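Beneath this line is the structure, given in structure tokens, with notes to follow.
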Amino acid sequence: MQFTAAQIALIINARVEGDPAAVVASFGKIEEARSGQLTFLANPKYEDYLYSTKASVIIVHDTQDLKEPVNATLLRVVDPYSAFATLLAKYQEMIAQQMTGIQEPSYISKTARLGKNIFVGAFAYIGDNVEIGDNAKIYPNVYIGNNARIGDQSELHPGVRVYHDCLIGKNVSIHAGTVIGSDGFGFAPQADGTFKKVPQIGNVIVEDNVEIGANSTIDRATMGSTLIRSGAKLDNLIQVAHNVEVGHHTVIAAQAGVSGSTKIGNNVMIGGQAGIVGHLHIADNVKINAQSGVSKSIKNPHTAVTGSPAFDYTSALRSQAVTRKLPELEKRVIELENLVKQLLMEKAGI
Amino acid sequence: MQFTAAQIALIINARVEGDPAAVVASFGKIEEARSGQLTFLANPKYEDYLYSTKASVIIVHDTQDLKEPVNATLLRVVDPYSAFATLLAKYQEMIAQQMTGIQEPSYISKTARLGKNIFVGAFAYIGDNVEIGDNAKIYPNVYIGNNARIGDQSELHPGVRVYHDCLIGKNVSIHAGTVIGSDGFGFAPQADGTFKKVPQIGNVIVEDNVEIGANSTIDRATMGSTLIRSGAKLDNLIQVAHNVEVGHHTVIAAQAGVSGSTKIGNNVMIGGQAGIVGHLHIADNVKINAQSGVSKSIKNPHTAVTGSPAFDYTSALRSQAVTRKLPELEKRVIELENLVKQLLMEKAGI
Amino acid sequence: MQFTAAQIALIINARVEGDPAAVVASFGKIEEARSGQLTFLANPKYEDYLYSTKASVIIVHDTQDLKEPVNATLLRVVDPYSAFATLLAKYQEMIAQQMTGIQEPSYISKTARLGKNIFVGAFAYIGDNVEIGDNAKIYPNVYIGNNARIGDQSELHPGVRVYHDCLIGKNVSIHAGTVIGSDGFGFAPQADGTFKKVPQIGNVIVEDNVEIGANSTIDRATMGSTLIRSGAKLDNLIQVAHNVEVGHHTVIAAQAGVSGSTKIGNNVMIGGQAGIVGHLHIADNVKINAQSGVSKSIKNPHTAVTGSPAFDYTSALRSQAVTRKLPELEKRVIELENLVKQLLMEKAGI
């Protein structure tokens with residue numbers, strides 16, 4: 001899609017300075033934008049780029065002074081960043097609106113109920129009794145098992161797998177390759193050293209306004225539900241085990257893992273590659289640093305922890321500082337031992 | 001599927017107390033079951049829920065006394081937990097049996113040999129000379145490369161990828177998105193700083209009764225086979241590198257990784273996010289704690305290790321305990337230094 | 001495919017000793033090869049296997065003496081290892097050449113431009129304005145979003161997802177399930193504790209000669225491009241966040257993760273399960289040990305680091321050594337305290 005400076009000026013209510021016919025087809029940062037791109041200048045410390053950028057159109061403050069001639073067409077507005085963000089959002093909306101209709105071949109069970117204005121990509125699979133909400137987007141190669149439900153405005157990116165009976169809320173976005181509802185990892189050890197599978201007959205419930213990244217895995221509950229509460233944001237390659245509960249607006253960074261039956265509160269922040277063992281409770285507003293290994297429940301809200309095993313952030317940093325000079329500390333102990341030995345020997349008159 | 005209390009009573013040989021026409025369609029835990037669900041009471045400490053649960057049918061011990069009236073229909077049996085487990089297993093069997101036949105469109109090479117009573121989902125790909133055993137279930141969007149073999153009763157969940165020449169045994173269950181047989185990570189460094197790919201022409205052999213979770217990756221051997229021995233259980237997002245051998249009934253938790261050519265014994269337990277470097281031997285019955293980093297072979301069976309780098313569990317816990325009070329230990333050393341300095345100065349008559 | 005010893009002898013210019021009609025269909029290591037396999041003997045320490053191997057054809061040095069009779073057909077050459085490697089490469093080429101043409105059903109937009117001699121597997125999806133280079137191989141179930149470009153000779157294994165606008169260079173190999181161009185993890189915290197998504201409108205650029213393993217995830221940039229420079233090699237289950245740059249010939253082992261906007265130099269080596277926080281610079285030729293957690297930029301080329309948080313490799317190893325004997329060090333401090341207390345008391349005449 002291409003737009004002229006004049007067209008964009010209409011959308012963001014800007015005053016055009018330069019060629020109104022200048023054409024842009026994409027967005028860029030002012031320091032790296034190419035010809036044919038739209039950019040903006042909001043932070044005065046980037047002003048030098050105004051004169052060197054190759055962008056074709058630049059959104060600037062309406063009071064912006066020019067110290068040198070500018071090649072690009074300028075669009076003058078009251079708040080350049082906000083105008084730019086408005087354009088980004090509108091652009092994404094337009095792209096998304098283009099994806100509607102049902103591509104062929106796709107597999108849609110006769111018992112599935114489809115909402116209005118949905119998109120179903122080629123090679124998508126929609127099982128028996130599945131319910132798809134209005135304006136939902138089911139990209140190519142997605143699998144939705146029997147009896148699953150996908151809420152309005154939700155989008156499942158290519159290759160997402162939603163197992164049978166799982167429920168996905170409204171305005172949920174799940175990125176490519178993520179698996180919702182695979183069996184929990186439950187095996188009963190037998191006397192002969194083998195393992196017997198414990199049937200996993202629960203489901204996963206993902207509430208409204210959740211975003212989940214690519215290639216993550218959220219296991220179904222043994223019984224009941226694994227729960228991702230509304231507003232939670234999960235990154236890529238995350239493991240959420242059976243019967244876990246992730247609280248509202250909790251944020252989990254890439255490659256972190258949560259073991260079975262652990263309950264995580266609201267507005268918790270979990271760093272990348274962190275791990276939490278099973279059957280714990282994590283209070284609201286807790287911060288868990290990247291690569292931490294949480295082995296005990298955290299009962300006090302607003303606690304910050306780090307390390308593996310994780311403990312209080314401030315103490316842990318202090319211990320880490322001493323750890324780095326441990327060889328020197330050992331030397332000091334050896335020296336003390338020698339001095340004390342000497343004192344003892346002298347006292348004994350040796 | 002819906003069942004009446006009377007129908008269930010026949011299956012588990014129960015005595016009905018209450019309405020035999022009460023209908024249930026799913027299972028629940030007694031503390032959270034809803035109307036229309038079946039539950040059980042085995043542990044006396046949950047008895048209070050017997051009177052408050054909303055479940056429609058409850059399996060109880062045949063000698064269970066009632067202190068208050070119960071709304072649900074009761075099914076009295078000798079062993080409630082075992083009766084409930086029987087129903088779960090039967091239920092899963094029934095669900096699975098419904099999946100048979102070949103959905104269209106799917107891609108099945110003319111040279112593939114298909115067993116009896118199999119299920120092939122839409123958009124599944126079955127390459128040349130592939131062999132699929134009896135009662136196998138190949139879910140939608142699965143890819144099976146040329147010459148691969150899938151044993152009887154095995155199930156490949158949606159989006160599983162089995163590369164060419166890989167062999168999957170009987171009763172194997174592989175969850176969505178898992179990749180079997182991608183190239184091992186082998187590159188020969190060249191004098192100019194670039195890398196030359198080492199062809200990976202081996203395969204992966206997954207023996208009988210193995211279960212592998214979702215989005216895990218098991219690389220093919222450079223030559224020979226990467227081996228997952230019978231009875232092993234692997235969780236989600238696990239990395240198994242080329243030429244690794246995982247022993248019988250070994251259990252690996254989510255996000256753990258095993259580097260190339262390492263041989264892991266039987267009945268080993270590996271915790272989540274643990275890593276094992278390449279070319280090691282891990283003895284039988286070893287326990288590797290979550291997030292451990294194993295950098296040396298473990299020769300003694302039944303050893304337990306933790307930490308990164310990992311060492312003996314008990315010693316590691318002791319070291320961790322001291323690590324937490326390192327700042328205090330440093331203070332004590334400083335104090336000692338001051339005292340000893342004072343003693344030395346006094347002795348010198350200063 | 002089957003070959004006789006005589007046919008192979010022609011390819012590698014070998015002298016046949018034994019049955020020239022002996023047939024092989026695959027390759028094996030000399031210590032584990034089966035009947036019908038081809039192997040080689042290059043290292044004299046494996047000579048004993050020459051007499052016990054079940055391989056049907058063995059490539060040996062032209063001057064190899066035989067101490068016992070050999071069952072297999074021998075192919076005598078000047079350099080057995082190099083001859084074997086030649087065969088491996090030729091074999092892979094032949095296999096790959098067999099994959100051409102467009103399997104049905106597949107979804108190819110009318111506006112896509114397809115190169116010569118390409119392979120498109122069944123259920124592959126090729127969106128609007130996509131460009132596929134000559135000899136490229138798009139395996140079954142692959143998704144390529146609108147405006148993406150795939151270079152000559154590149155191969156996308158089954159289930160790879162390339163989001164819209166992403167650019168993949170020439171001779172690139174991406175293994176099954178890997179996701180290129182999912183949204184970066186960007187959310188602006190709001191005053192009410194919720195998060196607002198930051199649109200991710202950049203792309204991913206993967207340059208020439210890159211290999212990426214299975215089920216890895218490379219997020220698109222917020223604006224601009226996430227960059228994987230030519231010659232880089234990435235293993236399985238790796239996370240590369242938005243706006244990251246991975247340098248030329250940099251090697252990243254499985255399950256490692258790189259957070260947003262970090263720039264990694266050329267010829268860097270990153271061990272398995274290592275993590276690097278966001279907005280850092282890592283100099284050329286740096287080595288980051290497995291499971292390290294890098295929290296600060298590394299400015300000096302050729303630095304090696306380990307630990308979490310990571311610091312200089314040699315110092316870290318020394319600290320780790322002392323860490324293991326910390327309980328003993330604590331005992332020594334206690335003993336010193338007792339001795340000094342005693343000295344002080346004696347001095348005071350107590």
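We name chains A, B, ... following the order of the structure tokens; residues begin at 1 in each chain, and ligands are numbered from 1 as shown.
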
Enumerate the residues of range 41-236 of chain C with a DSSP assignment of strand (DSSP E or B), computed from the backbone, and present them as a ChimeraX atom specification. /C:57-61,73-77,101-102,107-108,113-114,119-120,125-126,131-132,137-138,143-144,149-150,155-156,161-162,167-168,173-174,179-182,187-189,195-197,203-206,211-212,217-219,225-228,233-234

Expected answer as a VMD selection string: chain C residues within 8 Å of chain A, only C-alpha atoms: chain C and resid 105 107 123 125 141 143 159 161 177 179 182 to 183 185 193 to 195 199 201 215 to 217 223 to 224 237 239 255 257 275 293 308 315 to 316 318 to 319 322 to 323 329 332 to 333 336 339 to 340 343

From a backbone DSSP assignment, name each residue in range 18-105 of chain A labelled helix (DSSP H, G or I), as a VMD selection string. chain A and resid 44 to 46 49 to 52 80 to 98

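Contact shell of range 3-5 of chain C at 9 Å (only C-alpha atoms; same-chain neighbours under 2 positions omitted): Met1, Gln7, Ile8, Ala9, Leu10, Val16, Asp19, Pro20, Ala21, Ala22, Val23, Val24, Ala25, Leu38, Ser56, Val57, Thr73, Leu74 and Leu75 of chain C.
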
Would you list the contacts of Pro301 in chain A as a list in words, taking every protein, DNA or RNA residue within 6 Å and counting only C-alpha atoms, but skipping same-chain residues closer than 6 positions in sequence? Ala283, Asp284, Asn285 and Val286 of chain A

Store the residues picked out above in a file with N, CA and C atoms, as a JSON list (two decimals), in the first residue's frame.
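Full text of part-v7.json as output:
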[["chain", "number", "residue", "atom", "x", "y", "z"],
["A", 283, "ALA", "N", 2.94, -14.47, 45.10],
["A", 283, "ALA", "CA", 2.03, -13.35, 45.41],
["A", 283, "ALA", "C", 1.98, -12.34, 44.27],
["A", 284, "ASP", "N", 1.03, -11.41, 44.36],
["A", 284, "ASP", "CA", 0.88, -10.36, 43.35],
["A", 284, "ASP", "C", 2.12, -9.47, 43.30],
["A", 285, "ASN", "N", 2.37, -8.91, 42.13],
["A", 285, "ASN", "CA", 3.42, -7.90, 41.94],
["A", 285, "ASN", "C", 4.83, -8.37, 42.30],
["A", 286, "VAL", "N", 5.02, -9.66, 42.35],
["A", 286, "VAL", "CA", 6.37, -10.19, 42.59],
["A", 286, "VAL", "C", 7.19, -10.03, 41.32]]
